[in-house]
file my_file_29.cif (mmCIF, C-alpha atoms)
data_model
loop_
_atom_site.label_atom_id
_atom_site.label_comp_id
_atom_site.auth_asym_id
_atom_site.auth_seq_id
_atom_site.Cartn_x
_atom_site.Cartn_y
_atom_site.Cartn_z
CA MET A 1 -52.11 54.17 -10.15
CA THR A 2 -49.37 54.72 -7.64
CA ALA A 3 -45.90 55.73 -8.75
CA PRO A 4 -43.15 53.13 -8.70
CA THR A 5 -41.27 52.81 -5.45
CA PRO A 6 -37.71 54.17 -5.71
CA HIS A 7 -35.16 51.44 -6.11
CA PRO A 8 -32.50 51.02 -3.44
CA SER A 9 -28.81 50.71 -4.27
CA THR A 10 -27.62 47.40 -5.71
CA GLU A 11 -25.35 46.96 -2.72
CA GLY A 12 -26.74 44.31 -0.43
CA ARG A 13 -29.42 43.22 -2.94
CA THR A 14 -29.49 39.52 -3.64
CA PRO A 15 -30.85 38.66 -7.10
CA TYR A 16 -32.91 35.55 -7.53
CA PRO A 17 -31.27 33.53 -10.32
CA VAL A 18 -33.62 32.07 -12.90
CA GLY A 19 -33.40 31.01 -16.53
CA LEU A 20 -36.05 32.64 -18.74
CA LEU A 21 -37.56 30.45 -21.47
CA LEU A 22 -38.35 33.16 -24.00
CA ALA A 23 -39.03 31.13 -27.14
CA GLY A 24 -42.02 32.64 -28.95
CA ARG A 25 -42.51 35.31 -26.28
CA ARG A 26 -42.32 39.03 -26.99
CA VAL A 27 -39.10 40.68 -25.85
CA VAL A 28 -38.38 44.37 -26.43
CA VAL A 29 -34.94 45.94 -26.67
CA VAL A 30 -34.81 49.73 -26.68
CA GLY A 31 -31.64 51.15 -28.20
CA GLY A 32 -29.60 49.92 -31.15
CA GLY A 33 -26.02 50.72 -30.13
CA GLN A 34 -23.07 48.68 -28.93
CA VAL A 35 -24.79 47.38 -25.78
CA ALA A 36 -27.72 46.07 -27.78
CA GLN A 37 -25.30 44.57 -30.31
CA ARG A 38 -23.70 42.52 -27.52
CA ARG A 39 -26.97 41.44 -25.93
CA LEU A 40 -29.02 40.61 -29.03
CA PRO A 41 -27.28 37.37 -30.14
CA ALA A 42 -28.21 35.54 -26.94
CA LEU A 43 -31.80 36.77 -27.17
CA ILE A 44 -31.96 35.65 -30.79
CA ALA A 45 -30.61 32.24 -29.77
CA SER A 46 -33.36 31.97 -27.14
CA GLY A 47 -36.01 32.01 -29.89
CA ALA A 48 -37.74 35.08 -28.51
CA ASP A 49 -40.17 37.16 -30.58
CA LEU A 50 -37.66 39.97 -30.57
CA HIS A 51 -38.53 43.62 -31.19
CA LEU A 52 -35.94 46.39 -31.38
CA VAL A 53 -37.00 50.01 -30.92
CA ALA A 54 -34.37 52.50 -32.03
CA PRO A 55 -34.11 55.35 -34.56
CA ALA A 56 -30.73 54.02 -35.72
CA THR A 57 -28.58 50.94 -35.20
CA THR A 58 -25.05 49.74 -35.67
CA PRO A 59 -24.36 47.94 -38.98
CA ALA A 60 -24.19 44.61 -37.13
CA VAL A 61 -27.62 45.12 -35.56
CA GLN A 62 -29.08 46.19 -38.89
CA ALA A 63 -27.70 42.98 -40.39
CA MET A 64 -29.65 41.01 -37.76
CA ALA A 65 -32.81 42.85 -38.74
CA ASP A 66 -32.16 42.38 -42.45
CA ALA A 67 -31.72 38.65 -41.84
CA GLY A 68 -35.14 38.49 -40.16
CA GLU A 69 -33.72 37.61 -36.75
CA LEU A 70 -35.61 40.49 -35.11
CA THR A 71 -38.20 43.14 -35.94
CA TRP A 72 -36.71 46.62 -36.05
CA HIS A 73 -39.01 49.55 -35.31
CA ALA A 74 -36.93 52.41 -36.72
CA ARG A 75 -38.22 55.17 -34.46
CA PRO A 76 -37.82 56.51 -30.92
CA TYR A 77 -39.41 54.70 -27.97
CA ARG A 78 -43.09 55.42 -27.33
CA ASP A 79 -45.12 54.70 -24.22
CA GLY A 80 -47.00 51.48 -24.83
CA ASP A 81 -44.13 49.68 -26.61
CA LEU A 82 -43.94 47.18 -23.74
CA ALA A 83 -47.54 46.00 -24.08
CA ASP A 84 -47.77 42.20 -23.93
CA THR A 85 -44.03 42.00 -23.33
CA TRP A 86 -42.39 39.36 -21.14
CA TYR A 87 -38.94 40.89 -20.82
CA ALA A 88 -37.39 44.25 -21.70
CA LEU A 89 -33.85 45.52 -22.05
CA VAL A 90 -33.17 49.22 -22.26
CA ALA A 91 -29.81 50.32 -23.64
CA THR A 92 -29.91 53.89 -24.94
CA ASP A 93 -27.57 56.76 -24.09
CA ASP A 94 -30.52 58.99 -23.10
CA PRO A 95 -31.25 58.79 -19.33
CA ALA A 96 -34.75 60.21 -19.81
CA VAL A 97 -35.68 57.48 -22.31
CA ASN A 98 -34.20 54.80 -20.10
CA ALA A 99 -36.18 56.07 -17.14
CA ALA A 100 -39.42 56.19 -19.18
CA VAL A 101 -38.97 52.60 -20.38
CA SER A 102 -38.17 51.49 -16.85
CA ALA A 103 -41.29 53.23 -15.54
CA GLU A 104 -43.53 51.56 -18.12
CA ALA A 105 -41.98 48.20 -17.30
CA GLU A 106 -42.77 48.74 -13.63
CA ARG A 107 -46.39 49.62 -14.42
CA GLU A 108 -46.81 46.64 -16.75
CA ARG A 109 -44.97 44.29 -14.39
CA VAL A 110 -42.38 43.47 -17.01
CA PHE A 111 -38.92 42.58 -15.79
CA CYS A 112 -36.53 45.18 -17.21
CA SER A 113 -32.75 45.25 -17.46
CA ARG A 114 -31.00 48.63 -17.69
CA SER A 115 -27.50 49.08 -19.03
CA ASP A 116 -27.07 52.50 -17.45
CA ASP A 117 -28.39 51.99 -13.91
CA ALA A 118 -28.50 48.57 -12.30
CA ALA A 119 -30.09 50.05 -9.18
CA ALA A 120 -33.11 51.18 -11.21
CA ALA A 121 -33.54 47.83 -12.93
CA THR A 122 -35.72 44.89 -11.98
CA ALA A 123 -33.48 42.39 -13.74
CA TRP A 124 -29.73 42.11 -14.12
CA THR A 125 -28.13 40.64 -17.21
CA PRO A 126 -25.57 38.07 -16.07
CA ALA A 127 -22.15 37.56 -17.54
CA SER A 128 -22.82 34.34 -19.40
CA GLY A 129 -21.05 31.76 -21.51
CA ARG A 130 -21.73 28.34 -22.95
CA ASP A 131 -19.79 25.12 -23.20
CA ALA A 132 -20.95 21.68 -24.31
CA GLY A 133 -24.62 22.54 -23.88
CA ALA A 134 -24.22 24.12 -20.43
CA THR A 135 -24.93 27.80 -19.80
CA VAL A 136 -22.87 29.53 -17.13
CA ALA A 137 -24.34 32.77 -15.75
CA VAL A 138 -22.69 34.90 -13.06
CA LEU A 139 -24.26 37.77 -11.14
CA THR A 140 -22.22 39.85 -8.70
CA GLY A 141 -23.51 43.40 -9.19
CA ASP A 142 -20.12 44.32 -10.67
CA PRO A 143 -20.05 43.54 -14.42
CA ARG A 144 -16.27 43.24 -14.54
CA HIS A 145 -16.16 40.86 -11.59
CA SER A 146 -19.00 38.82 -13.09
CA ALA A 147 -17.19 38.59 -16.43
CA ALA A 148 -13.94 37.50 -14.77
CA LEU A 149 -15.68 34.73 -12.84
CA ARG A 150 -17.59 33.67 -15.95
CA ASP A 151 -14.38 33.44 -17.95
CA ALA A 152 -12.64 31.38 -15.27
CA ILE A 153 -15.50 28.89 -15.11
CA VAL A 154 -15.98 28.56 -18.87
CA ASP A 155 -12.24 28.26 -19.45
CA GLY A 156 -12.10 25.52 -16.83
CA LEU A 157 -14.90 23.63 -18.54
CA ARG A 158 -13.27 24.01 -21.93
CA ASP A 159 -9.76 22.96 -20.96
CA GLY A 160 -10.96 20.11 -18.79
CA SER A 161 -9.63 21.47 -15.48
CA LEU A 162 -13.22 21.87 -14.31
CA ALA A 163 -15.30 18.87 -15.32
CA ALA A 164 -18.11 16.64 -14.17
CA ARG A 165 -16.95 13.56 -16.00
CA GLN A 166 -19.64 11.30 -14.62
CA TYR A 167 -22.25 13.32 -16.46
CA ARG A 168 -20.75 13.05 -19.94
CA SER A 169 -23.29 12.64 -22.72
CA HIS A 170 -21.28 10.22 -24.86
CA GLY A 171 -20.51 6.59 -24.15
CA ALA A 172 -18.06 4.19 -25.71
CA GLY A 173 -16.58 5.28 -28.99
CA VAL A 174 -13.60 6.94 -30.58
CA ALA A 175 -12.61 10.57 -31.09
CA LEU A 176 -9.91 11.41 -33.62
CA VAL A 177 -8.48 14.61 -32.18
CA GLY A 178 -6.01 16.87 -33.96
CA GLY A 179 -3.65 18.15 -31.30
CA GLY A 180 -2.15 20.95 -33.37
CA PRO A 181 1.49 21.66 -34.18
CA GLY A 182 3.00 21.09 -30.74
CA ASP A 183 2.19 23.98 -28.42
CA PRO A 184 -0.45 22.59 -26.02
CA ASP A 185 -2.35 25.89 -26.16
CA LEU A 186 -3.02 25.34 -29.87
CA ILE A 187 -5.31 22.34 -29.48
CA THR A 188 -8.96 23.23 -30.14
CA VAL A 189 -11.38 23.80 -27.28
CA ARG A 190 -13.41 20.76 -28.29
CA GLY A 191 -10.33 18.59 -28.58
CA ARG A 192 -9.17 19.50 -25.10
CA ARG A 193 -12.60 18.85 -23.65
CA LEU A 194 -12.83 15.39 -25.20
CA LEU A 195 -9.31 14.59 -24.06
CA ALA A 196 -10.29 15.41 -20.49
CA ASP A 197 -13.17 12.93 -20.78
CA ALA A 198 -11.20 10.00 -22.17
CA ASP A 199 -10.82 6.55 -20.67
CA VAL A 200 -8.01 5.67 -23.06
CA VAL A 201 -5.69 7.98 -25.01
CA VAL A 202 -3.74 6.60 -27.97
CA THR A 203 -1.09 9.17 -28.77
CA ASP A 204 1.98 9.59 -30.95
CA ARG A 205 5.23 11.49 -30.70
CA LEU A 206 3.97 14.54 -32.59
CA ALA A 207 0.97 15.12 -30.30
CA PRO A 208 1.39 17.82 -27.59
CA ARG A 209 2.95 15.85 -24.75
CA GLU A 210 2.21 18.40 -22.03
CA LEU A 211 -1.51 17.65 -22.33
CA LEU A 212 -0.95 14.09 -21.17
CA ALA A 213 0.29 15.31 -17.79
CA GLU A 214 -3.13 16.86 -17.14
CA LEU A 215 -5.00 13.56 -17.50
CA PRO A 216 -6.42 11.84 -14.40
CA GLU A 217 -4.41 8.87 -13.17
CA HIS A 218 -7.09 6.34 -14.16
CA VAL A 219 -6.73 7.23 -17.87
CA GLU A 220 -4.74 4.67 -19.83
CA VAL A 221 -2.22 6.31 -22.15
CA ILE A 222 -0.95 4.18 -25.04
CA ASP A 223 2.05 5.34 -27.02
CA ALA A 224 1.21 4.39 -30.61
CA SER A 225 4.90 4.25 -31.51
CA LYS A 226 5.43 1.46 -28.97
CA ILE A 227 2.47 -0.79 -29.75
CA PRO A 228 3.78 -4.35 -30.29
CA TYR A 229 3.10 -4.84 -33.99
CA GLY A 230 3.66 -8.59 -34.35
CA ARG A 231 2.53 -9.57 -37.83
CA PHE A 232 0.55 -6.34 -38.22
CA MET A 233 1.77 -3.19 -39.89
CA ALA A 234 1.95 -0.17 -37.54
CA GLN A 235 -1.28 1.43 -38.72
CA GLU A 236 -3.19 -1.84 -38.55
CA ALA A 237 -2.06 -2.27 -34.96
CA ILE A 238 -3.23 1.24 -34.07
CA ASN A 239 -6.59 0.61 -35.73
CA ARG A 240 -7.01 -2.63 -33.81
CA THR A 241 -6.12 -0.90 -30.53
CA LEU A 242 -8.78 1.77 -31.06
CA VAL A 243 -11.44 -0.81 -31.91
CA GLU A 244 -10.64 -3.19 -29.07
CA HIS A 245 -10.74 -0.54 -26.35
CA ALA A 246 -13.92 1.07 -27.68
CA LYS A 247 -15.64 -2.31 -27.95
CA ALA A 248 -14.71 -2.88 -24.31
CA GLY A 249 -16.94 0.08 -23.43
CA LYS A 250 -14.24 2.74 -23.23
CA PHE A 251 -14.22 6.24 -24.66
CA VAL A 252 -11.01 6.38 -26.69
CA VAL A 253 -9.25 9.54 -27.86
CA ARG A 254 -6.73 9.16 -30.66
CA LEU A 255 -4.55 12.20 -30.06
CA LYS A 256 -2.59 13.15 -33.16
CA GLY A 257 -0.23 15.93 -34.11
CA GLY A 258 -1.57 18.56 -36.50
CA ASP A 259 -4.85 17.64 -38.18
CA PRO A 260 -6.10 14.03 -38.38
CA TYR A 261 -6.65 14.25 -42.13
CA VAL A 262 -3.44 16.05 -43.17
CA PHE A 263 -0.98 13.16 -43.58
CA GLY A 264 -2.30 11.83 -40.27
CA ARG A 265 -4.01 8.65 -41.51
CA GLY A 266 -7.18 9.74 -39.76
CA GLY A 267 -9.23 8.48 -42.68
CA GLU A 268 -7.86 4.96 -42.24
CA GLU A 269 -8.65 5.02 -38.54
CA LEU A 270 -12.17 6.28 -39.13
CA LEU A 271 -12.83 3.55 -41.68
CA ALA A 272 -11.58 0.88 -39.29
CA CYS A 273 -13.86 2.13 -36.52
CA ALA A 274 -16.83 2.52 -38.84
CA GLU A 275 -16.40 -1.04 -40.13
CA ALA A 276 -16.46 -2.18 -36.50
CA GLY A 277 -19.75 -0.33 -35.95
CA LEU A 278 -18.25 2.24 -33.58
CA PRO A 279 -19.30 5.90 -33.36
CA VAL A 280 -16.48 8.25 -34.32
CA THR A 281 -16.04 11.95 -33.66
CA VAL A 282 -13.49 13.86 -35.74
CA VAL A 283 -12.04 17.03 -34.26
CA PRO A 284 -9.97 19.06 -36.75
CA GLY A 285 -6.61 20.36 -35.61
CA ILE A 286 -4.36 23.22 -36.64
CA SER A 287 -2.11 21.78 -39.32
CA SER A 288 1.63 22.27 -38.92
CA SER A 289 1.76 23.07 -42.64
CA ILE A 290 0.42 26.56 -41.98
CA SER A 291 0.91 27.12 -38.24
CA VAL A 292 4.60 26.27 -37.99
CA PRO A 293 5.61 28.64 -40.81
CA ALA A 294 3.43 31.33 -39.25
CA ALA A 295 5.11 30.88 -35.87
CA ALA A 296 8.48 31.37 -37.56
CA GLY A 297 7.46 34.50 -39.44
CA VAL A 298 6.52 32.95 -42.76
CA PRO A 299 3.03 33.51 -44.22
CA VAL A 300 2.35 30.74 -46.72
CA THR A 301 0.48 33.28 -48.89
CA HIS A 302 0.99 37.00 -49.34
CA ARG A 303 -0.96 39.44 -51.49
CA GLY A 304 0.75 40.21 -54.76
CA MET A 305 3.28 37.43 -54.28
CA THR A 306 1.48 34.09 -54.43
CA HIS A 307 -2.01 32.83 -55.23
CA GLU A 308 -1.51 29.30 -53.99
CA PHE A 309 0.41 27.09 -51.62
CA THR A 310 0.95 23.37 -52.00
CA VAL A 311 1.51 20.95 -49.13
CA ILE A 312 3.57 17.90 -50.05
CA SER A 313 4.61 14.87 -48.02
CA GLY A 314 8.32 14.28 -48.43
CA HIS A 315 8.49 10.95 -46.62
CA VAL A 316 9.42 9.31 -49.94
CA GLY A 317 11.84 10.93 -52.34
CA PRO A 318 11.33 11.87 -55.98
CA ASP A 319 13.13 8.73 -57.20
CA ASP A 320 11.07 6.37 -55.04
CA GLU A 321 8.59 4.33 -57.07
CA ARG A 322 6.03 4.85 -54.29
CA SER A 323 6.03 8.63 -54.79
CA LEU A 324 2.66 10.01 -55.93
CA THR A 325 3.86 13.60 -56.31
CA ASN A 326 4.17 15.31 -59.69
CA TRP A 327 7.43 17.08 -58.93
CA GLU A 328 7.61 18.67 -62.36
CA ALA A 329 4.23 20.32 -61.83
CA ALA A 330 5.25 21.43 -58.35
CA ALA A 331 8.44 22.99 -59.69
CA ARG A 332 6.59 24.94 -62.36
CA MET A 333 4.05 26.45 -59.96
CA SER A 334 4.84 29.99 -58.85
CA GLY A 335 3.39 29.66 -55.36
CA THR A 336 4.67 28.40 -52.03
CA LEU A 337 5.68 24.80 -51.46
CA VAL A 338 5.37 23.40 -47.93
CA LEU A 339 7.10 20.10 -47.29
CA LEU A 340 6.29 17.86 -44.34
CA MET A 341 8.37 14.85 -43.27
CA ALA A 342 11.05 15.80 -45.75
CA VAL A 343 14.21 16.49 -43.73
CA ASP A 344 16.13 13.42 -44.87
CA LYS A 345 14.93 13.75 -48.48
CA ILE A 346 15.39 17.49 -48.93
CA GLY A 347 18.56 17.15 -50.97
CA ALA A 348 16.92 14.95 -53.60
CA ILE A 349 13.75 17.05 -53.57
CA ALA A 350 15.62 20.33 -54.01
CA ALA A 351 17.69 18.90 -56.86
CA ARG A 352 14.55 17.67 -58.63
CA LEU A 353 12.80 21.05 -58.24
CA VAL A 354 15.83 22.84 -59.71
CA GLU A 355 16.01 20.29 -62.53
CA TYR A 356 12.40 21.07 -63.43
CA GLY A 357 12.84 24.84 -63.43
CA ARG A 358 12.74 26.30 -59.94
CA PRO A 359 15.67 28.74 -59.60
CA ALA A 360 18.47 27.47 -57.38
CA ASP A 361 18.42 30.77 -55.45
CA THR A 362 14.78 30.26 -54.39
CA SER A 363 14.49 30.98 -50.66
CA VAL A 364 13.97 28.09 -48.24
CA ALA A 365 13.14 28.12 -44.52
CA ILE A 366 13.39 25.04 -42.32
CA VAL A 367 11.49 25.27 -39.03
CA GLN A 368 12.31 22.56 -36.51
CA GLU A 369 10.05 21.80 -33.50
CA GLY A 370 7.71 24.59 -34.56
CA THR A 371 5.55 26.35 -31.92
CA THR A 372 7.41 24.65 -29.06
CA ALA A 373 10.08 26.01 -26.73
CA ALA A 374 12.69 24.22 -28.86
CA GLN A 375 11.65 25.93 -32.10
CA ARG A 376 14.43 27.10 -34.39
CA ARG A 377 14.53 28.39 -37.95
CA VAL A 378 17.30 27.77 -40.46
CA ASP A 379 17.38 29.59 -43.81
CA ALA A 380 18.89 28.45 -47.09
CA THR A 381 18.18 28.30 -50.83
CA LEU A 382 17.27 25.36 -53.02
CA GLY A 383 20.88 25.21 -54.09
CA THR A 384 22.27 25.14 -50.54
CA VAL A 385 19.54 23.53 -48.45
CA ALA A 386 20.98 20.00 -48.42
CA ALA A 387 24.34 21.19 -47.11
CA VAL A 388 22.76 23.61 -44.63
CA VAL A 389 20.47 20.94 -43.15
CA GLU A 390 23.46 18.65 -42.64
CA ALA A 391 25.73 21.35 -41.24
CA GLU A 392 23.07 22.63 -38.84
CA GLY A 393 22.07 19.16 -37.69
CA VAL A 394 18.39 19.70 -38.45
CA LYS A 395 16.26 16.83 -37.19
CA PRO A 396 12.56 15.94 -37.59
CA PRO A 397 9.98 17.10 -36.96
CA ALA A 398 10.53 20.07 -39.22
CA VAL A 399 8.48 21.97 -41.79
CA ILE A 400 10.24 23.21 -44.92
CA VAL A 401 8.90 26.23 -46.81
CA ILE A 402 10.05 27.06 -50.33
CA GLY A 403 9.24 30.34 -52.05
CA ASP A 404 9.40 34.13 -51.97
CA VAL A 405 7.18 34.28 -48.87
CA VAL A 406 10.12 33.09 -46.77
CA ASN A 407 11.59 36.60 -46.59
CA VAL A 408 8.50 38.81 -46.75
CA LEU A 409 8.28 39.34 -42.97
CA ALA A 410 11.95 38.93 -42.16
CA ALA A 411 12.55 42.61 -41.39
CA ALA A 412 9.52 42.81 -39.10
CA PHE A 413 10.59 39.73 -37.13
CA GLN A 414 14.11 41.10 -36.65
CA ARG A 415 12.91 44.26 -34.91
#

call {"tool": "encode", "arguments": {"input": "my_file_29.cif", "output": "C-alpha cells"}}
result
Amino acid sequence: MTAPTPHPSTEGRTPYPVGLLLAGRRVVVVGGGQVAQRRLPALIASGADLHLVAPATTPAVQAMADAGELTWHARPYRDGDLADTWYALVATDDPAVNAAVSAEAERERVFCSRSDDAAAATAWTPASGRDAGATVAVLTGDPRHSAALRDAIVDGLRDGSLAARQYRSHGAGVALVGGGPGDPDLITVRGRRLLADADVVVTDRLAPRELLAELPEHVEVIDASKIPYGRFMAQEAINRTLVEHAKAGKFVVRLKGGDPYVFGRGGEELLACAEAGLPVTVVPGISSSISVPAAAGVPVTHRGMTHEFTVISGHVGPDDERSLTNWEAAARMSGTLVLLMAVDKIGAIAARLVEYGRPADTSVAIVQEGTTAAQRRVDATLGTVAAVVEAEGVKPPAVIVIGDVVNVLAAAFQR
C-alpha cells in the first residue's frame, strides 16, 4: 500500500461544503480534552454512534459518557480504531498520535478533521450555529474569521435583521411575546425573531419601543392604549383585536412589557384566542420584578439575608375592596417585597406594612424607568417613602423594593 500523499497548505484550498447525515453511523473522536468537549455536543445531536478514545477526559466529557451519549474507550489510541468508521475527529495534544490517526484515516478512506493541523486534515470543522431549525456553517480556513462570520449571520437571524420572511413555517395565529423590562436588548431571542416575522403588532406603552422602529413598513402596529373601546372594557377590546386580525389570516404579535403572565393579562389573551380556535405561542419575557432591581444594584435575594421574595401588584391600595393581597402576611414575612404599579399607592401600602409590624426604618428603593436610558433610583424607608416619592416627582413605571437587600450592594455600585 502506498504512503499517503503529503497534504499541501490550506492556503488556496477550496473545501467542498456538505452536510453529513451521521445518525446511526460510527464516528470516532480521539482525545478527551477541551477541543473534544466543544465538538462532542453537535456530534451527539447528530445521532451518530459516537466513540471516544482517550485515556482521560474532562469532567464534562465524562458526564456525556456517564449519560450514555457516547461510548468512552478509556485507553490510548490504537491502530484499527477507525475500522468501519464514517468520520473521525482527532483532538489530542500529542502530534505523533494525531499523525497516526490521520494516517489510518487516509488508508481507510475516512474523512478526518484535525484540531492541530488543518493542512494535514481531509475535513475541516466549520464554525456553526443554529437558529429556528437552520444550521449555519462557515469555512474560511481561519477559525477566528469563520467564527466571526458565523456569529454575524446567526445574530442577524436571531434579531430579525437577516430574515427570509417568505419562508416562515407558521401561518396565521398569535404570539404573546414578553418584551422584557424596557431595554430592547433584553427581549429574548425567540421573541425578537417572532416580532420580525409579524404582520400585525399589538403593543403597549411598557413594551420596548425601539424594537418597533426595526419593523418593515408593511407591518401594522396597533397601540393597545389607543384602541377605541366603545362599550368594551380595555382588555376585551385588545382580545377582540388579536382574534380579528388572526382570523383574517395575519400573524399577530402581542408585544408586552416584562413577562406576559406576570401582571400582564397574558392568560386572558390566550384564553380568548383559544376560544376562537387560534394557535397561540407564548414567549416568556424577563420580568421587571427582578430585572429592574438588578439593574439598579438590588438583588431581590441574598444569601444569609432572605429566603424569599414576594411580588405584589399595587394597582389597588390596601383599603380597596378589590384588593386580593394579604398585607398582614406580607408585613410579617422577613424577605423582600417587590411592588409593581404601586407609585400612587405607596403611601397607603407603606403605612399598612408598618401597622402590621414591618419596622418604619426598613429600606426602600424606587427604580423608575428601569433598564432604560432614563433609569433613576430613589432611596427611602417605609416611614419616609410617601414624602420622598412626592418630593422627587417619581412617576410610573417604577418598581419598588422593600427590604434589607436594598443596601447590600450599595458600596460596590458607588465605586

call {"tool": "residues_around", "arguments": {"input": "my_file_29.cif", "residues": "segment 304-309 of chain A", "least_positions_apart": "2", "cutoff": "12 Å", "atoms": "all atoms listed in the file", "output": "number ranges by chain"}}
result
A: 289-290, 299-302, 311-312, 330, 333-339, 401-408

call {"tool": "residues_around", "arguments": {"input": "my_file_29.cif", "residues": "Glu268 of chain A", "least_positions_apart": "4", "cutoff": "12 Å", "atoms": "all atoms listed in the file", "output": "MDAnalysis selection string"}}
result
chainID A and resid 176 235:240 242 260:264 272:275

call {"tool": "closest_residue", "arguments": {"input": "my_file_29.cif", "among": "A:Val282, A:Leu271, A:Val243, A:Val354", "to": "Trp327 of chain A", "atoms": "all atoms listed in the file"}}
result
A:Val354

call {"tool": "resolve_selection", "arguments": {"input": "my_file_29.cif", "expression": "the PyMOL selection byres ((chain A and resi 189) around 12)", "output": "number ranges by chain"}}
result
A: 131-132, 154-160, 177-180, 184-188, 190-196, 283-286

call {"tool": "resolve_selection", "arguments": {"input": "my_file_29.cif", "expression": "the PyMOL selection byres ((chain A and resi 247) around 10)", "output": "compact mmCIF listing (two decimals) with C-alpha atoms, keeping the file's coordinate frame"}}
result
# COMPACT_ATOMS: atom_id res chain seq x y z
CA ALA A 172 -18.06 4.19 -25.71
CA GLY A 173 -16.58 5.28 -28.99
CA VAL A 174 -13.60 6.94 -30.58
CA THR A 241 -6.12 -0.90 -30.53
CA LEU A 242 -8.78 1.77 -31.06
CA VAL A 243 -11.44 -0.81 -31.91
CA GLU A 244 -10.64 -3.19 -29.07
CA HIS A 245 -10.74 -0.54 -26.35
CA ALA A 246 -13.92 1.07 -27.68
CA ALA A 248 -14.71 -2.88 -24.31
CA GLY A 249 -16.94 0.08 -23.43
CA LYS A 250 -14.24 2.74 -23.23
CA PHE A 251 -14.22 6.24 -24.66
CA VAL A 252 -11.01 6.38 -26.69
CA CYS A 273 -13.86 2.13 -36.52
CA ALA A 276 -16.46 -2.18 -36.50
CA GLY A 277 -19.75 -0.33 -35.95
CA LEU A 278 -18.25 2.24 -33.58

call {"tool": "resolve_selection", "arguments": {"input": "my_file_29.cif", "expression": "the PyMOL selection byres ((chain A and resi 31-41) around 6)", "output": "list in words"}}
result
Val30, Ala42, Leu43, Ile44, Ala54, Thr57, Thr58, Val61, Ala91 and Thr92 of chain A

call {"tool": "closest_residue", "arguments": {"input": "my_file_29.cif", "among": "A:Ile349, A:Ala123, A:Trp72, A:Arg107", "to": "Ser323 of chain A", "atoms": "only C-alpha atoms"}}
result
A:Ile349

call {"tool": "closest_atom_pairs", "arguments": {"input": "my_file_29.cif", "of": "segment 185-209 of chain A", "to": "segment 216-221 of chain A", "cutoff": "8 Å", "atoms": "only C-alpha atoms", "output": "Markdown table"}}
result
| residue | atom | partner | partner_atom | distance |
| --- | --- | --- | --- | --- |
| A:Ala198 | CA | A:Val219 | CA | 6.8 |
| A:Asp199 | CA | A:Val219 | CA | 5.0 |
| A:Val200 | CA | A:Glu220 | CA | 4.7 |
| A:Val201 | CA | A:Val221 | CA | 4.8 |
| A:Val202 | CA | A:Val221 | CA | 6.0 |
| A:Thr203 | CA | A:Val221 | CA | 7.3 |

call {"tool": "closest_residue", "arguments": {"input": "my_file_29.cif", "among": "A:Gln368, A:Lys395, A:Pro318, A:Arg377", "to": "Ala351 of chain A", "atoms": "all atoms listed in the file"}}
result
A:Pro318

call {"tool": "closest_residue", "arguments": {"input": "my_file_29.cif", "among": "A:Leu255, A:Ala99, A:Ala175, A:Ala127", "to": "Leu212 of chain A", "atoms": "all atoms listed in the file"}}
result
A:Leu255

call {"tool": "atom_distance", "arguments": {"input": "my_file_29.cif", "atom1": "atom CA of Arg358 of chain A", "atom2": "atom CA of Leu324 of chain A"}}
result
19.6 Å
